[in-house]
>>> print(open('input.cif').read())   # mmCIF, C-alpha atoms
data_entry
loop_
_atom_site.label_atom_id
_atom_site.label_comp_id
_atom_site.auth_asym_id
_atom_site.auth_seq_id
_atom_site.Cartn_x
_atom_site.Cartn_y
_atom_site.Cartn_z
CA MET A 1 4.52 2.32 44.80
CA GLU A 2 4.51 5.33 42.48
CA ARG A 3 1.15 6.83 41.59
CA MET A 4 0.20 8.30 38.21
CA ASP A 5 -2.91 9.88 36.79
CA VAL A 6 -2.87 8.17 33.35
CA VAL A 7 -0.65 5.47 31.87
CA VAL A 8 -0.81 4.87 28.11
CA ILE A 9 0.76 1.59 27.00
CA GLY A 10 2.30 1.82 23.53
CA ALA A 11 4.03 4.75 21.82
CA GLY A 12 2.84 4.18 18.29
CA VAL A 13 0.99 6.92 16.45
CA VAL A 14 -2.31 6.07 18.19
CA GLY A 15 -0.82 5.81 21.68
CA LEU A 16 0.99 9.13 21.23
CA THR A 17 -2.16 10.82 19.96
CA VAL A 18 -4.24 9.49 22.84
CA ALA A 19 -1.60 10.62 25.34
CA ARG A 20 -1.41 14.05 23.69
CA ALA A 21 -5.18 14.52 23.85
CA LEU A 22 -5.27 13.57 27.53
CA ALA A 23 -2.30 15.79 28.39
CA LEU A 24 -3.87 18.75 26.58
CA ALA A 25 -7.03 18.09 28.63
CA GLY A 26 -4.98 18.62 31.79
CA ARG A 27 -4.25 15.02 32.73
CA GLU A 28 -0.85 13.85 34.01
CA VAL A 29 0.23 11.27 31.40
CA MET A 30 3.05 8.75 31.11
CA VAL A 31 3.51 6.61 27.98
CA LEU A 32 5.26 3.25 28.40
CA GLU A 33 6.93 1.75 25.31
CA ARG A 34 8.62 -1.64 25.21
CA GLU A 35 10.94 -0.76 22.31
CA GLY A 36 13.83 1.69 22.35
CA ALA A 37 12.07 4.38 20.31
CA ILE A 38 8.58 5.65 19.53
CA GLY A 39 6.66 4.29 16.57
CA SER A 40 8.93 1.36 15.82
CA GLY A 41 6.12 -1.17 15.31
CA THR A 42 3.12 -1.03 12.99
CA SER A 43 3.34 2.78 12.87
CA SER A 44 6.64 2.60 10.98
CA ARG A 45 5.64 -0.25 8.66
CA ASN A 46 2.72 0.99 6.60
CA SER A 47 1.93 2.92 3.42
CA GLU A 48 1.84 6.36 5.14
CA VAL A 49 -1.41 7.08 3.31
CA ILE A 50 -3.99 9.63 4.48
CA HIS A 51 -7.20 7.80 3.54
CA ALA A 52 -10.33 9.59 2.39
CA GLY A 53 -12.79 7.24 4.14
CA ILE A 54 -14.23 5.39 1.15
CA TYR A 55 -14.55 1.66 1.81
CA TYR A 56 -15.76 1.36 5.39
CA PRO A 57 -19.35 0.46 6.31
CA ALA A 58 -21.52 3.52 6.91
CA GLY A 59 -21.82 4.35 10.59
CA SER A 60 -18.81 2.25 11.60
CA LEU A 61 -16.07 3.67 13.79
CA LYS A 62 -13.65 3.23 10.91
CA ALA A 63 -15.83 5.34 8.63
CA ARG A 64 -16.59 8.10 11.14
CA LEU A 65 -13.11 8.38 12.65
CA CYS A 66 -11.36 8.18 9.27
CA VAL A 67 -13.30 11.10 7.79
CA GLU A 68 -13.00 13.17 10.96
CA GLY A 69 -9.36 12.17 11.42
CA ARG A 70 -8.45 12.95 7.81
CA ASP A 71 -9.61 16.55 8.13
CA ARG A 72 -7.93 16.92 11.52
CA LEU A 73 -4.70 15.39 10.19
CA TYR A 74 -4.45 17.68 7.17
CA ALA A 75 -5.09 20.69 9.41
CA TYR A 76 -2.58 19.52 12.03
CA CYS A 77 0.16 18.82 9.46
CA GLY A 78 -0.39 22.25 7.94
CA GLU A 79 -0.21 23.99 11.31
CA ARG A 80 2.86 22.08 12.52
CA SER A 81 4.75 21.90 9.20
CA VAL A 82 4.65 18.09 9.17
CA ALA A 83 5.54 16.99 5.63
CA HIS A 84 2.52 15.75 3.68
CA ARG A 85 0.96 15.99 0.23
CA ARG A 86 -2.63 15.74 -0.97
CA CYS A 87 -1.68 13.81 -4.11
CA GLY A 88 -4.97 12.03 -4.79
CA LYS A 89 -5.71 8.40 -5.57
CA LEU A 90 -7.07 6.48 -8.55
CA ILE A 91 -9.08 3.32 -7.88
CA VAL A 92 -8.75 1.41 -11.14
CA ALA A 93 -11.08 -1.27 -12.53
CA HIS A 94 -10.15 -3.93 -15.10
CA THR A 95 -12.86 -6.58 -15.03
CA PRO A 96 -16.53 -6.07 -15.93
CA SER A 97 -17.54 -6.84 -12.33
CA GLN A 98 -15.09 -4.25 -10.99
CA VAL A 99 -16.36 -1.61 -13.43
CA ALA A 100 -19.97 -2.37 -12.53
CA ALA A 101 -19.15 -1.97 -8.83
CA LEU A 102 -17.56 1.48 -9.10
CA PRO A 103 -20.83 3.42 -8.62
CA ALA A 104 -21.37 1.52 -5.36
CA ILE A 105 -17.98 2.78 -4.16
CA LEU A 106 -19.17 6.35 -4.75
CA GLU A 107 -22.43 5.63 -2.91
CA ARG A 108 -20.64 4.18 0.10
CA ALA A 109 -18.24 7.12 0.16
CA ARG A 110 -21.12 9.61 0.11
CA ALA A 111 -22.78 7.74 2.99
CA ASN A 112 -19.53 8.21 4.92
CA GLY A 113 -19.38 11.95 4.19
CA VAL A 114 -16.91 11.78 1.30
CA HIS A 115 -18.39 13.86 -1.52
CA ASP A 116 -15.45 14.65 -3.81
CA LEU A 117 -15.06 11.36 -5.70
CA ARG A 118 -15.33 11.35 -9.51
CA LEU A 119 -16.06 8.43 -11.82
CA LEU A 120 -13.66 8.48 -14.78
CA ARG A 121 -13.73 6.81 -18.16
CA ARG A 122 -10.59 5.03 -19.37
CA ASP A 123 -9.47 8.00 -21.47
CA GLU A 124 -10.01 10.44 -18.58
CA ALA A 125 -7.93 8.30 -16.25
CA ARG A 126 -5.15 8.00 -18.85
CA THR A 127 -5.16 11.78 -19.24
CA LEU A 128 -4.16 11.98 -15.57
CA GLU A 129 -1.69 9.06 -15.76
CA ALA A 130 -0.40 8.27 -19.25
CA GLN A 131 1.06 4.85 -18.35
CA LEU A 132 -2.04 3.66 -16.52
CA GLU A 133 -4.11 0.80 -17.93
CA CYS A 134 -7.74 0.37 -16.81
CA GLU A 135 -11.29 0.21 -18.12
CA ALA A 136 -12.57 2.88 -15.71
CA ALA A 137 -11.51 4.51 -12.46
CA VAL A 138 -12.58 6.55 -9.45
CA LEU A 139 -10.58 9.66 -8.55
CA SER A 140 -10.26 10.46 -4.84
CA PRO A 141 -8.74 13.97 -4.59
CA SER A 142 -8.60 14.02 -0.77
CA THR A 143 -6.31 10.99 -0.42
CA GLY A 144 -2.73 11.90 0.45
CA ILE A 145 0.55 10.86 2.05
CA VAL A 146 2.27 11.92 5.26
CA ASP A 147 5.67 11.63 6.90
CA SER A 148 4.52 9.34 9.70
CA HIS A 149 7.78 9.64 11.67
CA GLY A 150 7.66 13.42 11.50
CA LEU A 151 4.04 13.27 12.64
CA MET A 152 4.92 11.12 15.65
CA LEU A 153 7.80 13.39 16.65
CA SER A 154 5.39 16.34 16.54
CA LEU A 155 2.82 14.47 18.64
CA GLN A 156 5.51 13.56 21.17
CA GLY A 157 6.57 17.20 21.31
CA ASP A 158 2.99 18.30 22.02
CA LEU A 159 2.69 15.67 24.74
CA GLU A 160 5.92 16.67 26.45
CA ASN A 161 5.13 20.40 26.18
CA ALA A 162 1.88 19.63 28.00
CA GLY A 163 3.80 17.91 30.80
CA GLY A 164 3.57 14.31 29.56
CA LEU A 165 6.41 11.80 29.46
CA VAL A 166 7.45 8.88 27.22
CA ALA A 167 9.46 6.06 28.81
CA CYS A 168 11.03 3.66 26.29
CA HIS A 169 12.58 0.26 27.08
CA THR A 170 9.63 -0.26 29.45
CA GLU A 171 7.64 -3.41 28.75
CA VAL A 172 4.35 -3.88 30.57
CA THR A 173 3.75 -7.46 31.69
CA ALA A 174 0.41 -7.16 33.49
CA VAL A 175 -2.35 -4.83 34.63
CA GLN A 176 -4.32 -5.35 37.85
CA ALA A 177 -7.63 -3.59 38.53
CA HIS A 178 -8.27 -2.33 42.10
CA ALA A 179 -11.03 -0.32 43.69
CA ASP A 180 -8.90 2.84 43.66
CA GLY A 181 -7.05 2.43 40.36
CA LEU A 182 -5.08 0.09 38.13
CA ASP A 183 -1.64 -1.33 38.82
CA VAL A 184 0.66 -1.40 35.79
CA VAL A 185 3.46 -3.94 36.26
CA THR A 186 6.61 -3.67 34.13
CA LEU A 187 9.21 -6.29 33.24
CA ASP A 188 11.69 -5.02 35.85
CA GLY A 189 9.10 -5.37 38.61
CA THR A 190 8.11 -1.70 38.87
CA VAL A 191 4.47 -1.13 39.79
CA LEU A 192 2.63 2.08 38.92
CA ARG A 193 -0.83 2.78 40.39
CA ALA A 194 -2.83 4.79 37.83
CA ARG A 195 -6.30 6.28 37.88
CA SER A 196 -6.66 5.46 34.18
CA VAL A 197 -4.89 3.08 31.79
CA VAL A 198 -5.11 3.05 27.99
CA ASN A 199 -4.03 -0.15 26.28
CA ALA A 200 -2.70 1.08 22.91
CA ALA A 201 -0.29 -1.82 22.48
CA GLY A 202 -1.24 -2.51 18.86
CA LEU A 203 -0.21 -6.05 17.88
CA HIS A 204 0.06 -6.95 21.57
CA ALA A 205 -3.16 -5.28 22.78
CA CYS A 206 -5.19 -8.50 22.98
CA ASP A 207 -2.38 -10.32 24.77
CA LEU A 208 -2.03 -7.50 27.29
CA ALA A 209 -5.80 -7.44 27.85
CA ARG A 210 -5.69 -11.17 28.62
CA ARG A 211 -3.10 -10.33 31.29
CA THR A 212 -5.34 -7.67 32.85
CA ARG A 213 -6.69 -9.05 36.12
CA GLY A 214 -10.22 -7.94 36.79
CA LEU A 215 -11.15 -7.81 33.08
CA ASN A 216 -13.57 -10.54 32.01
CA SER A 217 -11.98 -12.58 29.20
CA ALA A 218 -15.25 -12.35 27.26
CA HIS A 219 -14.28 -8.75 26.46
CA VAL A 220 -10.96 -9.74 24.81
CA PRO A 221 -11.14 -10.64 21.11
CA LYS A 222 -8.93 -13.23 19.49
CA PRO A 223 -5.94 -11.62 17.72
CA TRP A 224 -5.18 -12.39 14.09
CA TYR A 225 -2.10 -11.28 12.16
CA ALA A 226 -2.07 -10.43 8.45
CA LYS A 227 1.44 -9.74 7.20
CA GLY A 228 1.89 -7.35 4.31
CA SER A 229 5.09 -7.20 2.26
CA TYR A 230 6.21 -4.21 0.21
CA PHE A 231 8.48 -4.09 -2.81
CA THR A 232 10.17 -0.85 -3.85
CA LEU A 233 10.63 0.38 -7.41
CA SER A 234 14.16 0.93 -8.65
CA GLY A 235 14.07 4.22 -10.50
CA ARG A 236 11.56 7.03 -10.38
CA SER A 237 7.85 6.37 -10.57
CA PRO A 238 5.99 7.58 -13.67
CA PHE A 239 2.85 8.14 -11.56
CA GLN A 240 1.82 11.25 -9.62
CA HIS A 241 -1.27 9.72 -8.00
CA LEU A 242 -1.57 6.69 -5.75
CA ILE A 243 -2.93 3.73 -7.73
CA TYR A 244 -5.24 1.19 -6.06
CA PRO A 245 -6.89 -1.80 -7.75
CA ALA A 246 -10.67 -1.80 -7.39
CA PRO A 247 -11.91 -4.50 -5.03
CA GLU A 248 -13.79 -7.44 -6.46
CA PRO A 249 -17.43 -7.29 -5.30
CA ASP A 250 -18.53 -9.72 -2.60
CA ARG A 251 -15.01 -10.57 -1.47
CA HIS A 252 -13.83 -10.07 2.09
CA LEU A 253 -10.55 -8.20 1.76
CA ALA A 254 -7.82 -8.29 4.39
CA GLY A 255 -6.17 -5.39 2.55
CA LEU A 256 -6.78 -3.10 -0.40
CA GLY A 257 -4.74 -5.02 -2.95
CA VAL A 258 -1.21 -4.54 -4.21
CA HIS A 259 -1.36 -0.81 -4.70
CA LEU A 260 1.21 1.79 -5.70
CA THR A 261 2.08 4.51 -3.23
CA ILE A 262 4.68 7.24 -3.43
CA ASP A 263 6.63 8.69 -0.54
CA LEU A 264 7.40 12.38 -0.15
CA GLY A 265 10.78 11.87 -1.86
CA GLY A 266 9.15 10.41 -4.98
CA GLN A 267 10.11 6.78 -4.26
CA ALA A 268 7.39 4.33 -5.29
CA LYS A 269 6.52 1.14 -3.47
CA PHE A 270 4.02 -1.61 -4.15
CA GLY A 271 2.02 -3.53 -1.59
CA PRO A 272 1.07 -4.69 0.85
CA ASP A 273 -0.04 -8.18 -0.06
CA VAL A 274 -1.78 -10.41 2.49
CA GLN A 275 -0.13 -13.36 4.22
CA TRP A 276 -1.85 -14.72 7.34
CA THR A 277 0.60 -15.78 10.04
CA ASP A 278 0.65 -16.86 13.68
CA ARG A 279 3.76 -14.78 14.39
CA PRO A 280 3.38 -11.02 14.84
CA ASP A 281 7.18 -10.66 14.63
CA ASP A 282 7.41 -12.35 11.18
CA LEU A 283 8.58 -9.24 9.30
CA VAL A 284 11.06 -10.65 6.78
CA VAL A 285 10.16 -10.05 3.11
CA ASP A 286 10.40 -13.21 1.02
CA PRO A 287 11.91 -12.18 -2.37
CA ALA A 288 9.95 -14.98 -4.03
CA ARG A 289 6.70 -13.10 -3.38
CA GLY A 290 7.85 -10.55 -5.95
CA THR A 291 6.70 -12.88 -8.73
CA SER A 292 3.05 -12.35 -7.88
CA PHE A 293 3.67 -8.61 -7.46
CA TYR A 294 4.73 -8.28 -11.11
CA ALA A 295 1.50 -9.92 -12.26
CA GLU A 296 -0.67 -7.70 -10.03
CA VAL A 297 1.10 -4.44 -10.88
CA ARG A 298 1.14 -5.08 -14.62
CA ARG A 299 -2.64 -5.13 -14.63
CA TYR A 300 -2.53 -1.36 -14.17
CA TRP A 301 1.06 -0.65 -15.28
CA PRO A 302 1.90 -2.97 -18.20
CA ALA A 303 5.24 -1.20 -18.78
CA LEU A 304 6.70 -2.25 -15.41
CA PRO A 305 10.23 -3.41 -16.38
CA ASP A 306 11.56 -6.82 -15.46
CA GLY A 307 13.83 -6.70 -12.43
CA ALA A 308 12.47 -3.34 -11.27
CA LEU A 309 11.03 -4.52 -7.95
CA MET A 310 13.29 -4.87 -4.91
CA PRO A 311 12.24 -6.41 -1.57
CA GLY A 312 11.40 -3.55 0.78
CA TYR A 313 9.87 -4.11 4.19
CA ALA A 314 6.90 -5.84 5.79
CA GLY A 315 4.24 -4.70 8.21
CA MET A 316 1.72 -6.57 10.33
CA ARG A 317 -1.98 -5.74 10.57
CA PRO A 318 -3.31 -6.13 14.15
CA LYS A 319 -6.59 -7.76 13.16
CA ILE A 320 -9.45 -9.10 15.25
CA ASN A 321 -11.04 -11.01 12.37
CA GLY A 322 -9.74 -14.09 10.61
CA PRO A 323 -9.34 -15.09 6.95
CA ASP A 324 -12.53 -14.95 4.85
CA GLU A 325 -14.37 -13.04 7.57
CA PRO A 326 -15.67 -9.50 7.07
CA ALA A 327 -13.23 -6.87 8.30
CA ALA A 328 -13.86 -6.03 11.94
CA ASP A 329 -14.47 -2.47 13.08
CA PHE A 330 -12.19 -0.60 15.44
CA ARG A 331 -12.90 -1.46 19.06
CA ILE A 332 -12.46 1.32 21.60
CA ASP A 333 -13.63 -0.45 24.74
CA GLY A 334 -14.20 1.78 27.74
CA PRO A 335 -15.67 1.11 31.20
CA GLU A 336 -19.24 1.25 29.89
CA ARG A 337 -18.48 -1.88 27.84
CA HIS A 338 -16.36 -4.01 30.15
CA GLY A 339 -17.06 -2.55 33.62
CA VAL A 340 -13.46 -1.84 34.69
CA ALA A 341 -13.24 1.78 35.85
CA GLY A 342 -10.51 3.84 34.23
CA LEU A 343 -9.54 1.25 31.59
CA VAL A 344 -9.70 1.70 27.81
CA ASN A 345 -8.62 -1.09 25.46
CA LEU A 346 -7.92 -0.35 21.80
CA PHE A 347 -8.36 -3.47 19.65
CA GLY A 348 -7.99 -3.97 15.90
CA ILE A 349 -6.58 -0.51 15.21
CA GLU A 350 -5.30 -1.32 11.73
CA SER A 351 -5.79 0.87 8.63
CA PRO A 352 -7.13 3.57 8.69
CA GLY A 353 -5.60 3.98 12.16
CA LEU A 354 -2.92 6.43 11.01
CA THR A 355 -5.50 8.65 9.29
CA SER A 356 -7.88 8.36 12.26
CA CYS A 357 -5.32 8.90 15.01
CA LEU A 358 -6.30 12.42 16.08
CA ALA A 359 -9.99 11.50 16.12
CA ILE A 360 -9.23 8.34 18.12
CA GLY A 361 -7.28 10.43 20.61
CA GLU A 362 -10.21 12.78 21.16
CA ARG A 363 -12.63 9.87 21.54
CA VAL A 364 -10.52 8.18 24.20
CA ALA A 365 -10.06 11.47 26.06
CA LEU A 366 -13.85 11.85 26.18
CA LEU A 367 -14.28 8.28 27.46
CA LEU A 368 -11.95 9.09 30.38
#
>>> encode(input="input.cif", output="C-alpha cells")
Amino acid sequence: MERMDVVVIGAGVVGLTVARALALAGREVMVLEREGAIGSGTSSRNSEVIHAGIYYPAGSLKARLCVEGRDRLYAYCGERSVAHRRCGKLIVAHTPSQVAALPAILERARANGVHDLRLLRRDEARTLEAQLECEAAVLSPSTGIVDSHGLMLSLQGDLENAGGLVACHTEVTAVQAHADGLDVVTLDGTVLRARSVVNAAGLHACDLARRTRGLNSAHVPKPWYAKGSYFTLSGRSPFQHLIYPAPEPDRHLAGLGVHLTIDLGGQAKFGPDVQWTDRPDDLVVDPARGTSFYAEVRRYWPALPDGALMPGYAGMRPKINGPDEPAADFRIDGPERHGVAGLVNLFGIESPGLTSCLAIGERVALLL
C-alpha cells in the first residue's frame, strides 16, 4: 500500500486551488481526477464570470468567500498573466417590483463588503449601453470575466512547481477511515493511505461521501442537479458590459436568470436557464429551449434578431437544495463537523465557486 500525505479528489478549479494551497503550505499532495484532463466538468461549463458578491446572504460562506476570492482572483490573474477583464455588469429592472427592489440589492451588497455599486436611471443605463432596454439598473464595476482554462493551467503549474501531482484517468470508488489515516480506493483496485483527504468531486461529491466508510450518513446532504443551457449569439455583441435581469423579489432562484455574458474574444452567450434533472450527465442542449431565450433576452435587448441564437453548451449546478427551496450555502465540512480526522468534504460548490476558489483553497488548508 502506497502512503501519501494529502489526496485531493477532483481536478476542477476548486480541487486544483485546494491542492495548490496545501502544496504551498508544505504538504505532499496528489490530485486524483476521473476524467482525462483537468477541469473538464462543471469548471469548463459555466459563464466564466468573476462575481462581485452581491446576492448572497450576509455572513454566509458564499458572501464572505466570494468577496475575498474576487480580490484574490483579480490579483492572481494580474500577477500570472491569466487573461481576464473587469468589464462590469448591469443588473436591469423592467417591472415595478424589480425597480422597487433595487435599493435592497445595494444594501445586501454593502452588508457583504461590496461598496462600489451605483443605482442608475433608465437614461443613465442607456448611456452606457445604447441598445439596452430597462426602467432602471444597478452598475457593478467590479464584476468581470476570466479565462477559466488558463486559470486552471496556472493553478496546476503552481501545484506541480510546489511538488504536487495530478493523476488523470483515476476514478475514486471509495474512501475508508482508519485510526492512522484514510484509504482512497481507485477503480483499478489501487489503495492509497493518506493522512488527509479532500473530497472536491463537484457533482459527485455527495455520492463519494456516501461511499466513505466511517462517515455518518447524517453528514451527507442530498444532491440536486440544476442543468443550465447556453445559447451563443451569431455575430458580434453590441454590449460591452454583462447584462443580468434583476431578480423578482421573494422568489427562490436556482440561477440568476438568462443573462448576457461576453468572453474574452468578444463572443456573447446567453444563459444559463434552469432545468432540474436527475441526471448529472444530461448535458445536451435542446434547441427548442431557444424559444424561451428569445422572449427573456428581448426584455433587455428588443433588437435581438430572429435566428441569431445558436445552441451552445450546458452546465450542471451541483446543488444541495431542491426546487423552490432557498439556495443552500457552501458546505466545507471538516473534522470538527463530522468527526473523521483528516477528511474535508466540499458540498454544493456551485456559483460563485469559480470566483471564490482561491479563498476556498486557503480555508481548506487552514482546516487541515
>>> closest_atom_pairs(input="input.cif", of="stretch 88-207 of chain A", to="stretch 301-309 of chain A", cutoff="12 Å", atoms="only C-alpha atoms", output="CSV")
residue,atom,partner,partner_atom,distance
A:Val92,CA,A:Trp301,CA,10.8
A:His94,CA,A:Trp301,CA,11.7
A:Arg126,CA,A:Trp301,CA,11.2
A:Glu129,CA,A:Trp301,CA,10.1
A:Ala130,CA,A:Trp301,CA,9.9
A:Gln131,CA,A:Trp301,CA,6.3
A:Leu132,CA,A:Trp301,CA,5.5
A:Glu133,CA,A:Trp301,CA,6.0
A:Cys134,CA,A:Trp301,CA,9.0
>>> closest_residue(input="input.cif", among="A:Glu33, A:Glu350, A:Asp286, A:Glu28", to="A:Val166", atoms="all atoms listed in the file")
A:Glu33
>>> atom_distance(input="input.cif", atom1="atom CA of A:Ala137", atom2="atom CA of A:Leu65")
25.5 Å
>>> resolve_selection(input="input.cif", expression="the PyMOL selection byres ((chain A and resi 285) around 9)", output="list in words")
Gly228, Ser229, Tyr230, Phe231, Asp282, Leu283, Val284, Asp286, Pro287, Ala288, Arg289, Pro311, Gly312, Tyr313 and Ala314 of chain A
>>> resolve_selection(input="input.cif", expression="the PyMOL selection byres ((chain A and resi 188) around 12)", output="PyMOL selection string")
chain A and resi 34+169-174+184-187+189-192
>>> closest_residue(input="input.cif", among="A:Met316, A:Val297, A:Cys168, A:Val258", to="A:Asp278", atoms="only C-alpha atoms")
A:Met316
>>> resolve_selection(input="input.cif", expression="the PyMOL selection byres ((chain A and resi 109) around 12)", output="PDB file with C-alpha atoms, in the coordinates of the input")
ATOM      1  CA  HIS A  51      -7.200   7.800   3.540  1.00  0.00           C
ATOM      2  CA  ALA A  52     -10.330   9.590   2.390  1.00  0.00           C
ATOM      3  CA  GLY A  53     -12.790   7.240   4.140  1.00  0.00           C
ATOM      4  CA  ILE A  54     -14.230   5.390   1.150  1.00  0.00           C
ATOM      5  CA  TYR A  55     -14.550   1.660   1.810  1.00  0.00           C
ATOM      6  CA  TYR A  56     -15.760   1.360   5.390  1.00  0.00           C
ATOM      7  CA  PRO A  57     -19.350   0.460   6.310  1.00  0.00           C
ATOM      8  CA  ALA A  58     -21.520   3.520   6.910  1.00  0.00           C
ATOM      9  CA  GLY A  59     -21.820   4.350  10.590  1.00  0.00           C
ATOM     10  CA  ALA A  63     -15.830   5.340   8.630  1.00  0.00           C
ATOM     11  CA  ARG A  64     -16.590   8.100  11.140  1.00  0.00           C
ATOM     12  CA  CYS A  66     -11.360   8.180   9.270  1.00  0.00           C
ATOM     13  CA  VAL A  67     -13.300  11.100   7.790  1.00  0.00           C
ATOM     14  CA  LEU A 102     -17.560   1.480  -9.100  1.00  0.00           C
ATOM     15  CA  PRO A 103     -20.830   3.420  -8.620  1.00  0.00           C
ATOM     16  CA  ALA A 104     -21.370   1.520  -5.360  1.00  0.00           C
ATOM     17  CA  ILE A 105     -17.980   2.780  -4.160  1.00  0.00           C
ATOM     18  CA  LEU A 106     -19.170   6.350  -4.750  1.00  0.00           C
ATOM     19  CA  GLU A 107     -22.430   5.630  -2.910  1.00  0.00           C
ATOM     20  CA  ARG A 108     -20.640   4.180   0.100  1.00  0.00           C
ATOM     21  CA  ARG A 110     -21.120   9.610   0.110  1.00  0.00           C
ATOM     22  CA  ALA A 111     -22.780   7.740   2.990  1.00  0.00           C
ATOM     23  CA  ASN A 112     -19.530   8.210   4.920  1.00  0.00           C
ATOM     24  CA  GLY A 113     -19.380  11.950   4.190  1.00  0.00           C
ATOM     25  CA  VAL A 114     -16.910  11.780   1.300  1.00  0.00           C
ATOM     26  CA  HIS A 115     -18.390  13.860  -1.520  1.00  0.00           C
ATOM     27  CA  ASP A 116     -15.450  14.650  -3.810  1.00  0.00           C
ATOM     28  CA  LEU A 117     -15.060  11.360  -5.700  1.00  0.00           C
ATOM     29  CA  ARG A 118     -15.330  11.350  -9.510  1.00  0.00           C
ATOM     30  CA  VAL A 138     -12.580   6.550  -9.450  1.00  0.00           C
ATOM     31  CA  LEU A 139     -10.580   9.660  -8.550  1.00  0.00           C
ATOM     32  CA  SER A 140     -10.260  10.460  -4.840  1.00  0.00           C
ATOM     33  CA  SER A 142      -8.600  14.020  -0.770  1.00  0.00           C
TER      34      SER A 142
END
>>> closest_residue(input="input.cif", among="A:Gln176, A:Gln98, A:Ser237, A:Ser154", to="A:Arg80", atoms="only C-alpha atoms")
A:Ser154
>>> atom_distance(input="input.cif", atom1="atom CA of A:Ala101", atom2="atom CA of A:Tyr244")
14.5 Å
>>> atom_distance(input="input.cif", atom1="atom CA of A:His204", atom2="atom CA of A:Gly353")
15.5 Å
>>> residues_near_point(input="input.cif", point="(-4.8, 11.6, 21.4)", cutoff="6 Å", atoms="all atoms listed in the file", output="PyMOL selection string")
chain A and resi 17-21+358+361-362
>>> closest_atom_pairs(input="input.cif", of="stretch 177-273 of chain A", to="stretch 35-47 of chain A", cutoff="9 Å", atoms="only C-alpha atoms", output="CSV")
residue,atom,partner,partner_atom,distance
A:Gly202,CA,A:Thr42,CA,7.5
A:Leu203,CA,A:Thr42,CA,7.8
A:Gly228,CA,A:Asn46,CA,8.7
A:Tyr230,CA,A:Ser47,CA,8.9
A:Thr261,CA,A:Ser47,CA,6.8
A:Ile262,CA,A:Ser47,CA,8.6
A:Asp263,CA,A:Ser47,CA,8.4
A:Lys269,CA,A:Ser47,CA,8.5
A:Gly271,CA,A:Ser47,CA,8.2
A:Pro272,CA,A:Ser47,CA,8.1
>>> closest_residue(input="input.cif", among="A:Gly290, A:Pro141, A:Gly163, A:Pro245", to="A:Ala25", atoms="all atoms listed in the file")
A:Gly163
>>> closest_residue(input="input.cif", among="A:Arg121, A:Ser196, A:Cys206, A:Arg211", to="A:Ala365", atoms="all atoms listed in the file")
A:Ser196
>>> build_atoms(input="input.cif", residues="stretch 42-53 of chain A", atoms="N, CA and C atoms", output="tab-separated table (two decimals), in the frame of the given file")
chain	number	residue	atom	x	y	z
A	42	THR	N	4.01	-1.19	14.14
A	42	THR	CA	3.12	-1.03	12.99
A	42	THR	C	3.16	0.39	12.44
A	43	SER	N	3.35	1.37	13.30
A	43	SER	CA	3.34	2.78	12.87
A	43	SER	C	4.46	3.12	11.91
A	44	SER	N	5.53	2.33	11.89
A	44	SER	CA	6.64	2.60	10.98
A	44	SER	C	6.67	1.63	9.81
A	45	ARG	N	5.64	0.77	9.70
A	45	ARG	CA	5.64	-0.25	8.66
A	45	ARG	C	4.29	-0.26	7.95
A	46	ASN	N	3.98	0.86	7.32
A	46	ASN	CA	2.72	0.99	6.60
A	46	ASN	C	2.92	1.82	5.34
A	47	SER	N	1.84	2.18	4.68
A	47	SER	CA	1.93	2.92	3.42
A	47	SER	C	2.01	4.43	3.60
A	48	GLU	N	1.83	4.92	4.83
A	48	GLU	CA	1.84	6.36	5.14
A	48	GLU	C	0.79	7.12	4.33
A	49	VAL	N	-0.34	6.48	4.10
A	49	VAL	CA	-1.41	7.08	3.31
A	49	VAL	C	-2.42	7.76	4.23
A	50	ILE	N	-2.85	8.96	3.86
A	50	ILE	CA	-3.99	9.63	4.48
A	50	ILE	C	-5.22	9.21	3.68
A	51	HIS	N	-6.05	8.35	4.26
A	51	HIS	CA	-7.20	7.80	3.54
A	51	HIS	C	-8.37	8.78	3.55
A	52	ALA	N	-9.18	8.70	2.50
A	52	ALA	CA	-10.33	9.59	2.39
A	52	ALA	C	-11.51	9.12	3.23
A	53	GLY	N	-11.66	7.78	3.40
A	53	GLY	CA	-12.79	7.24	4.14
A	53	GLY	C	-13.82	6.58	3.25
